[in-house]
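What's in upload38.pdb: PDB, C-alpha atoms
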```pdb
ATOM      1  CA  MET A   1     252.289  33.184  42.325  1.00  0.00           C
ATOM      2  CA  ILE A   2     248.903  34.036  43.834  1.00  0.00           C
ATOM      3  CA  MET A   3     245.971  31.687  43.519  1.00  0.00           C
ATOM      4  CA  ILE A   4     242.423  32.249  44.729  1.00  0.00           C
ATOM      5  CA  TYR A   5     240.349  29.320  45.941  1.00  0.00           C
ATOM      6  CA  ASP A   6     236.675  29.178  46.776  1.00  0.00           C
ATOM      7  CA  GLY A   7     236.934  27.938  50.309  1.00  0.00           C
ATOM      8  CA  TYR A   8     239.477  26.201  52.487  1.00  0.00           C
ATOM      9  CA  LYS A   9     238.447  22.769  51.287  1.00  0.00           C
ATOM     10  CA  LYS A  10     239.358  23.432  47.649  1.00  0.00           C
ATOM     11  CA  TYR A  11     242.783  24.566  48.842  1.00  0.00           C
ATOM     12  CA  CYS A  12     242.961  21.349  50.807  1.00  0.00           C
ATOM     13  CA  LEU A  13     242.505  19.310  47.649  1.00  0.00           C
ATOM     14  CA  SER A  14     246.003  20.273  46.525  1.00  0.00           C
ATOM     15  CA  VAL A  15     247.478  19.447  49.935  1.00  0.00           C
ATOM     16  CA  ILE A  16     245.629  16.155  50.244  1.00  0.00           C
ATOM     17  CA  LEU A  17     247.593  14.813  47.288  1.00  0.00           C
ATOM     18  CA  MET A  18     250.456  14.575  49.749  1.00  0.00           C
ATOM     19  CA  ASN A  19     250.701  11.508  51.953  1.00  0.00           C
ATOM     20  CA  LYS A  20     252.395  12.879  55.066  1.00  0.00           C
ATOM     21  CA  ILE A  21     250.967  16.075  56.508  1.00  0.00           C
ATOM     22  CA  CYS A  22     252.048  17.795  59.718  1.00  0.00           C
ATOM     23  CA  LEU A  23     249.692  20.306  61.300  1.00  0.00           C
ATOM     24  CA  LEU A  24     251.031  22.509  64.086  1.00  0.00           C
ATOM     25  CA  ILE A  25     248.922  24.459  66.548  1.00  0.00           C
ATOM     26  CA  HIS A  26     249.356  25.880  70.035  1.00  0.00           C
ATOM     27  CA  SER A  27     245.967  24.695  71.314  1.00  0.00           C
ATOM     28  CA  LEU A  28     242.903  22.648  70.495  1.00  0.00           C
ATOM     29  CA  GLN A  29     240.802  24.394  73.151  1.00  0.00           C
ATOM     30  CA  PRO A  30     237.504  26.093  72.181  1.00  0.00           C
ATOM     31  CA  GLY A  31     238.202  28.742  69.534  1.00  0.00           C
ATOM     32  CA  GLY A  32     237.862  29.466  65.830  1.00  0.00           C
ATOM     33  CA  THR A  33     241.444  28.693  64.807  1.00  0.00           C
ATOM     34  CA  GLU A  34     241.347  25.491  66.791  1.00  0.00           C
ATOM     35  CA  ARG A  35     238.063  24.435  65.172  1.00  0.00           C
ATOM     36  CA  VAL A  36     239.470  25.090  61.699  1.00  0.00           C
ATOM     37  CA  MET A  37     242.525  22.971  62.523  1.00  0.00           C
ATOM     38  CA  SER A  38     240.411  20.079  63.805  1.00  0.00           C
ATOM     39  CA  GLU A  39     238.277  20.178  60.657  1.00  0.00           C
ATOM     40  CA  LEU A  40     241.354  20.294  58.433  1.00  0.00           C
ATOM     41  CA  ALA A  41     242.819  17.292  60.240  1.00  0.00           C
ATOM     42  CA  ALA A  42     239.565  15.389  59.733  1.00  0.00           C
ATOM     43  CA  TYR A  43     239.419  16.394  56.073  1.00  0.00           C
ATOM     44  CA  PHE A  44     243.026  15.456  55.324  1.00  0.00           C
ATOM     45  CA  SER A  45     242.584  12.125  57.078  1.00  0.00           C
ATOM     46  CA  LEU A  46     239.844  11.121  54.607  1.00  0.00           C
ATOM     47  CA  LYS A  47     242.514  10.127  52.105  1.00  0.00           C
ATOM     48  CA  GLN A  48     243.201   6.471  52.788  1.00  0.00           C
ATOM     49  CA  GLU A  49     246.978   6.679  52.335  1.00  0.00           C
ATOM     50  CA  ALA A  50     247.324   9.957  54.229  1.00  0.00           C
ATOM     51  CA  GLU A  51     249.367  10.071  57.389  1.00  0.00           C
ATOM     52  CA  VAL A  52     248.192  13.121  59.326  1.00  0.00           C
ATOM     53  CA  HIS A  53     250.005  14.377  62.411  1.00  0.00           C
ATOM     54  CA  ILE A  54     249.124  17.235  64.749  1.00  0.00           C
ATOM     55  CA  ILE A  55     251.823  18.692  66.955  1.00  0.00           C
ATOM     56  CA  LEU A  56     250.124  20.417  69.877  1.00  0.00           C
ATOM     57  CA  TYR A  57     252.770  22.615  71.480  1.00  0.00           C
ATOM     58  CA  GLY A  58     251.090  25.270  73.657  1.00  0.00           C
ATOM     59  CA  LYS A  59     250.628  25.428  77.419  1.00  0.00           C
ATOM     60  CA  SER A  60     247.302  23.586  77.349  1.00  0.00           C
ATOM     61  CA  ARG A  61     247.450  20.115  75.824  1.00  0.00           C
ATOM     62  CA  ARG A  62     243.770  19.294  76.343  1.00  0.00           C
ATOM     63  CA  ILE A  63     241.726  18.623  73.215  1.00  0.00           C
ATOM     64  CA  PHE A  64     238.246  20.123  72.978  1.00  0.00           C
ATOM     65  CA  TYR A  65     237.466  19.320  69.336  1.00  0.00           C
ATOM     66  CA  GLU A  66     237.042  15.805  68.013  1.00  0.00           C
ATOM     67  CA  ILE A  67     240.100  14.499  66.190  1.00  0.00           C
ATOM     68  CA  PRO A  68     239.757  11.306  64.104  1.00  0.00           C
ATOM     69  CA  ASN A  69     241.528   8.228  65.474  1.00  0.00           C
ATOM     70  CA  SER A  70     243.547   8.062  62.252  1.00  0.00           C
ATOM     71  CA  VAL A  71     245.231  11.385  63.137  1.00  0.00           C
ATOM     72  CA  THR A  72     248.224  11.123  65.462  1.00  0.00           C
ATOM     73  CA  VAL A  73     248.480  13.886  68.053  1.00  0.00           C
ATOM     74  CA  HIS A  74     251.943  14.618  69.458  1.00  0.00           C
ATOM     75  CA  THR A  75     252.558  16.649  72.607  1.00  0.00           C
ATOM     76  CA  PRO A  76     255.738  17.436  74.508  1.00  0.00           C
ATOM     77  CA  ASP A  77     256.408  15.130  77.439  1.00  0.00           C
ATOM     78  CA  PHE A  78     257.009  18.124  79.719  1.00  0.00           C
ATOM     79  CA  ASP A  79     254.762  20.831  81.118  1.00  0.00           C
ATOM     80  CA  PHE A  80     255.204  24.439  80.123  1.00  0.00           C
ATOM     81  CA  ASN A  81     256.411  26.293  83.211  1.00  0.00           C
ATOM     82  CA  ASN A  82     255.265  29.937  83.227  1.00  0.00           C
ATOM     83  CA  ASN A  83     257.714  30.696  86.022  1.00  0.00           C
ATOM     84  CA  ASN A  84     260.553  29.789  83.678  1.00  0.00           C
ATOM     85  CA  ARG A  85     259.122  30.886  80.315  1.00  0.00           C
ATOM     86  CA  ILE A  86     262.439  31.245  78.495  1.00  0.00           C
ATOM     87  CA  TRP A  87     263.567  27.712  79.355  1.00  0.00           C
ATOM     88  CA  SER A  88     260.120  26.256  78.588  1.00  0.00           C
ATOM     89  CA  SER A  89     259.969  28.149  75.280  1.00  0.00           C
ATOM     90  CA  LEU A  90     263.392  26.856  74.240  1.00  0.00           C
ATOM     91  CA  ARG A  91     262.454  23.290  75.217  1.00  0.00           C
ATOM     92  CA  THR A  92     259.249  23.625  73.172  1.00  0.00           C
ATOM     93  CA  LEU A  93     261.140  25.045  70.191  1.00  0.00           C
ATOM     94  CA  PHE A  94     263.562  22.104  70.176  1.00  0.00           C
ATOM     95  CA  TYR A  95     260.726  19.629  70.768  1.00  0.00           C
ATOM     96  CA  ILE A  96     258.947  20.931  67.640  1.00  0.00           C
ATOM     97  CA  ARG A  97     262.144  20.851  65.594  1.00  0.00           C
ATOM     98  CA  ASN A  98     263.049  17.292  66.619  1.00  0.00           C
ATOM     99  CA  LYS A  99     259.500  15.974  66.256  1.00  0.00           C
ATOM    100  CA  VAL A 100     259.141  17.437  62.748  1.00  0.00           C
ATOM    101  CA  LYS A 101     262.515  15.977  61.733  1.00  0.00           C
ATOM    102  CA  SER A 102     261.484  12.540  63.013  1.00  0.00           C
ATOM    103  CA  LEU A 103     258.099  12.706  61.231  1.00  0.00           C
ATOM    104  CA  ASN A 104     259.692  13.861  57.953  1.00  0.00           C
ATOM    105  CA  PRO A 105     256.447  15.331  56.533  1.00  0.00           C
ATOM    106  CA  GLU A 106     255.866  16.402  52.945  1.00  0.00           C
ATOM    107  CA  VAL A 107     254.147  19.610  54.060  1.00  0.00           C
ATOM    108  CA  ILE A 108     253.622  21.582  57.279  1.00  0.00           C
ATOM    109  CA  LEU A 109     250.810  23.974  58.150  1.00  0.00           C
ATOM    110  CA  ASN A 110     250.750  26.228  61.217  1.00  0.00           C
ATOM    111  CA  LEU A 111     247.795  28.389  62.208  1.00  0.00           C
ATOM    112  CA  GLY A 112     248.138  31.397  64.467  1.00  0.00           C
ATOM    113  CA  GLU A 113     249.719  34.787  63.928  1.00  0.00           C
ATOM    114  CA  TYR A 114     251.389  34.879  67.338  1.00  0.00           C
ATOM    115  CA  TRP A 115     252.892  31.422  66.800  1.00  0.00           C
ATOM    116  CA  ASN A 116     253.949  31.475  63.136  1.00  0.00           C
ATOM    117  CA  SER A 117     257.281  33.175  63.817  1.00  0.00           C
ATOM    118  CA  PHE A 118     258.000  30.747  66.663  1.00  0.00           C
ATOM    119  CA  ILE A 119     257.400  27.825  64.287  1.00  0.00           C
ATOM    120  CA  MET A 120     259.588  29.378  61.596  1.00  0.00           C
ATOM    121  CA  LEU A 121     262.377  29.816  64.169  1.00  0.00           C
ATOM    122  CA  ALA A 122     261.973  26.199  65.289  1.00  0.00           C
ATOM    123  CA  LEU A 123     262.181  24.915  61.709  1.00  0.00           C
ATOM    124  CA  THR A 124     264.874  27.253  60.356  1.00  0.00           C
ATOM    125  CA  GLY A 125     267.327  25.388  58.153  1.00  0.00           C
ATOM    126  CA  LEU A 126     265.123  22.325  57.663  1.00  0.00           C
ATOM    127  CA  LYS A 127     263.984  21.293  54.190  1.00  0.00           C
ATOM    128  CA  PHE A 128     260.245  21.050  54.801  1.00  0.00           C
ATOM    129  CA  PRO A 129     257.763  23.400  53.080  1.00  0.00           C
ATOM    130  CA  VAL A 130     255.981  25.388  55.790  1.00  0.00           C
ATOM    131  CA  TYR A 131     252.711  27.209  55.159  1.00  0.00           C
ATOM    132  CA  LEU A 132     251.463  29.824  57.605  1.00  0.00           C
ATOM    133  CA  SER A 133     248.029  31.254  58.224  1.00  0.00           C
ATOM    134  CA  ASP A 134     247.210  34.354  60.252  1.00  0.00           C
ATOM    135  CA  ARG A 135     243.677  34.034  61.573  1.00  0.00           C
ATOM    136  CA  CYS A 136     243.137  37.635  62.720  1.00  0.00           C
ATOM    137  CA  LYS A 137     242.792  41.129  61.284  1.00  0.00           C
ATOM    138  CA  PRO A 138     245.589  41.300  58.676  1.00  0.00           C
ATOM    139  CA  ASP A 139     246.828  44.762  59.574  1.00  0.00           C
ATOM    140  CA  LYS A 140     246.731  44.140  63.322  1.00  0.00           C
ATOM    141  CA  ASN A 141     249.953  45.301  64.953  1.00  0.00           C
ATOM    142  CA  LEU A 142     251.339  42.362  66.909  1.00  0.00           C
ATOM    143  CA  GLY A 143     253.957  44.520  68.642  1.00  0.00           C
ATOM    144  CA  SER A 144     257.443  45.513  67.550  1.00  0.00           C
ATOM    145  CA  VAL A 145     259.126  42.168  68.330  1.00  0.00           C
ATOM    146  CA  HIS A 146     256.488  40.127  66.503  1.00  0.00           C
ATOM    147  CA  GLU A 147     256.441  42.526  63.570  1.00  0.00           C
ATOM    148  CA  LYS A 148     260.236  42.339  63.167  1.00  0.00           C
ATOM    149  CA  LEU A 149     260.151  38.541  63.404  1.00  0.00           C
ATOM    150  CA  ARG A 150     257.346  38.398  60.822  1.00  0.00           C
ATOM    151  CA  SER A 151     259.216  40.625  58.379  1.00  0.00           C
ATOM    152  CA  PHE A 152     262.287  38.406  58.663  1.00  0.00           C
ATOM    153  CA  LEU A 153     260.683  34.935  58.914  1.00  0.00           C
ATOM    154  CA  TYR A 154     257.465  35.002  56.843  1.00  0.00           C
ATOM    155  CA  PRO A 155     259.356  35.387  53.534  1.00  0.00           C
ATOM    156  CA  LYS A 156     261.108  32.079  54.338  1.00  0.00           C
ATOM    157  CA  ALA A 157     257.783  30.210  54.454  1.00  0.00           C
ATOM    158  CA  ALA A 158     256.684  28.227  51.402  1.00  0.00           C
ATOM    159  CA  GLY A 159     253.494  30.287  51.430  1.00  0.00           C
ATOM    160  CA  ILE A 160     250.838  32.114  53.394  1.00  0.00           C
ATOM    161  CA  ILE A 161     247.140  31.326  53.464  1.00  0.00           C
ATOM    162  CA  ALA A 162     245.131  34.544  53.725  1.00  0.00           C
ATOM    163  CA  GLN A 163     241.440  34.766  54.554  1.00  0.00           C
ATOM    164  CA  THR A 164     240.558  37.650  52.230  1.00  0.00           C
ATOM    165  CA  GLU A 165     241.786  39.643  49.263  1.00  0.00           C
ATOM    166  CA  TYR A 166     242.435  42.498  51.678  1.00  0.00           C
ATOM    167  CA  ALA A 167     244.667  40.256  53.809  1.00  0.00           C
ATOM    168  CA  ARG A 168     246.576  39.241  50.679  1.00  0.00           C
ATOM    169  CA  SER A 169     247.146  42.875  49.758  1.00  0.00           C
ATOM    170  CA  VAL A 170     248.414  43.680  53.280  1.00  0.00           C
ATOM    171  CA  PHE A 171     250.855  40.745  53.209  1.00  0.00           C
ATOM    172  CA  LEU A 172     252.086  41.729  49.742  1.00  0.00           C
ATOM    173  CA  GLU A 173     252.448  45.388  50.736  1.00  0.00           C
ATOM    174  CA  ARG A 174     254.530  44.367  53.763  1.00  0.00           C
ATOM    175  CA  ASN A 175     256.595  41.977  51.600  1.00  0.00           C
ATOM    176  CA  LEU A 176     255.813  39.119  53.964  1.00  0.00           C
ATOM    177  CA  ASN A 177     255.651  36.527  51.195  1.00  0.00           C
ATOM    178  CA  SER A 178     254.853  36.438  47.490  1.00  0.00           C
ATOM    179  CA  ASN A 179     253.148  33.018  47.512  1.00  0.00           C
ATOM    180  CA  ILE A 180     249.804  33.864  49.104  1.00  0.00           C
ATOM    181  CA  LYS A 181     246.762  31.684  48.695  1.00  0.00           C
ATOM    182  CA  ILE A 182     243.396  33.103  49.621  1.00  0.00           C
ATOM    183  CA  GLU A 183     240.769  31.015  51.303  1.00  0.00           C
ATOM    184  CA  VAL A 184     237.268  32.170  52.002  1.00  0.00           C
ATOM    185  CA  SER A 185     236.485  30.009  54.981  1.00  0.00           C
ATOM    186  CA  HIS A 186     232.983  28.563  54.990  1.00  0.00           C
ATOM    187  CA  VAL A 187     233.975  26.052  57.656  1.00  0.00           C
TER     188      VAL A 187
END
```

Just give me the structure of the file as structure tokens.
Amino acid sequence: MIMIYDGYKKYCLSVILMNKICLLIHSLQPGGTERVMSELAAYFSLKQEAEVHIILYGKSRRIFYEIPNSVTVHTPDFDFNNNNRIWSSLRTLFYIRNKVKSLNPEVILNLGEYWNSFIMLALTGLKFPVYLSDRCKPDKNLGSVHEKLRSFLYPKAAGIIAQTEYARSVFLERNLNSNIKIEVSHV
């Protein structure tokens, strides 16, 4: 099923009907993806009964964009050690998995093409619907490892949010997922 929405916020109307939303992102430092995530968190939190959580899992845990007080931000209680990337990555993967299980959200959204596969690995086998959004050029080659992970993991997502009709066609052509929603971001 493919549905086209006029802007991110109309897509959000269908998500906001849910009461427990988990947003995952690697950073809330200055950047376009990070700004979109902060605005989504603010928008979702407008619903009085909504429980909105952000899991901030990247190396930098500082928050540049304003996040409403009603949104709970979760961060790992350990620093990411670049000198021991494999161990830190595994710890982060299990942190995300355990935190999501404890939150028990109705829906999960992750933004970031380099991180979507990592999130899908972390949440493999769990029952939660996960939506992914690539925020870059849709036919950008992310490298052989990322491309293989995407081809294996993206079809397991509940859906993909594309930014353009062209992005949708690229994702469909690559068989990354058949449930692709298009948002034309005016945020």

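Checking A:Leu121, A:Gly58, A:Ser144, A:Glu106 one by one against Arg85 (chain A), counting all atoms listed in the file, you find the shortest gap at A:Gly58.
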
Convert the output of the PyMOL selection byres ((chain A and resi 95-104) around 7) on the shown file into explicit residues, formatted as a ChimeraX atom specification.
-> /A:76,91-94,105-106,122-123

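Going from CA of Lys20 (chain A) over to CA of Gly159 (chain A), you cover 17.8 Å.
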
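If you look at CA of Leu56 (chain A) and CA of Thr124 (chain A), they are 18.8 Å away from each other.
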
Step by step, work through what the PyMOL selection byres ((chain A and resi 150) around 12) selects in the shown file, and finish by giving those residues as a PyMOL selection string.
-> chain A and resi 113-121+132+134+141-149+151-157+160+171+174-177

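Straight-line separation from CA of Ser38 (chain A) to CA of Ile54 (chain A): 9.2 Å.
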
Any chance you could work out the residue set of the PyMOL selection byres ((chain A and resi 73) around 9) here, as an mmCIF file with C-alpha atoms, in the coordinates of the input?
```cif
data_model
loop_
_atom_site.group_PDB
_atom_site.id
_atom_site.type_symbol
_atom_site.label_atom_id
_atom_site.label_comp_id
_atom_site.auth_asym_id
_atom_site.auth_seq_id
_atom_site.Cartn_x
_atom_site.Cartn_y
_atom_site.Cartn_z
ATOM 1 C CA VAL A 52 248.192 13.121 59.326
ATOM 2 C CA HIS A 53 250.005 14.377 62.411
ATOM 3 C CA ILE A 54 249.124 17.235 64.749
ATOM 4 C CA ILE A 55 251.823 18.692 66.955
ATOM 5 C CA LEU A 56 250.124 20.417 69.877
ATOM 6 C CA ILE A 67 240.100 14.499 66.190
ATOM 7 C CA VAL A 71 245.231 11.385 63.137
ATOM 8 C CA THR A 72 248.224 11.123 65.462
ATOM 9 C CA HIS A 74 251.943 14.618 69.458
ATOM 10 C CA THR A 75 252.558 16.649 72.607
#
```

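The residue that comes closest to Asn82 (chain A), out of A:Val36, A:Lys59, A:Glu66, A:Leu24 and on the basis of all atoms listed in the file, is A:Lys59.
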
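Proximity of A:Ser89, A:Asn81, A:Ala167, A:Thr33 to Lys140 (chain A), computed with all atoms listed in the file, is greatest for A:Ala167.
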
Would you please work out which residue, of A:Val107, A:Phe80, A:Trp87, A:Tyr57, is nearest to Phe44 (chain A) when using all atoms listed in the file?
-> A:Val107

Give the centre and edge lengths of an axis-aligned box, in Å to one decimal, that holds all listed atoms of region 139-155 of chain A with 5 Å on each side, as lines of an AutoDock Vina configuration file.
```
center_x = 254.5
center_y = 40.2
center_z = 61.1
size_x = 25.6
size_y = 20.6
size_z = 25.1
```

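Closest approach to Cys22 (chain A) from the set A:Asn110, A:Gln48, A:Asn83, A:Gln163 is made by A:Asn110, with distances taken over all atoms listed in the file.
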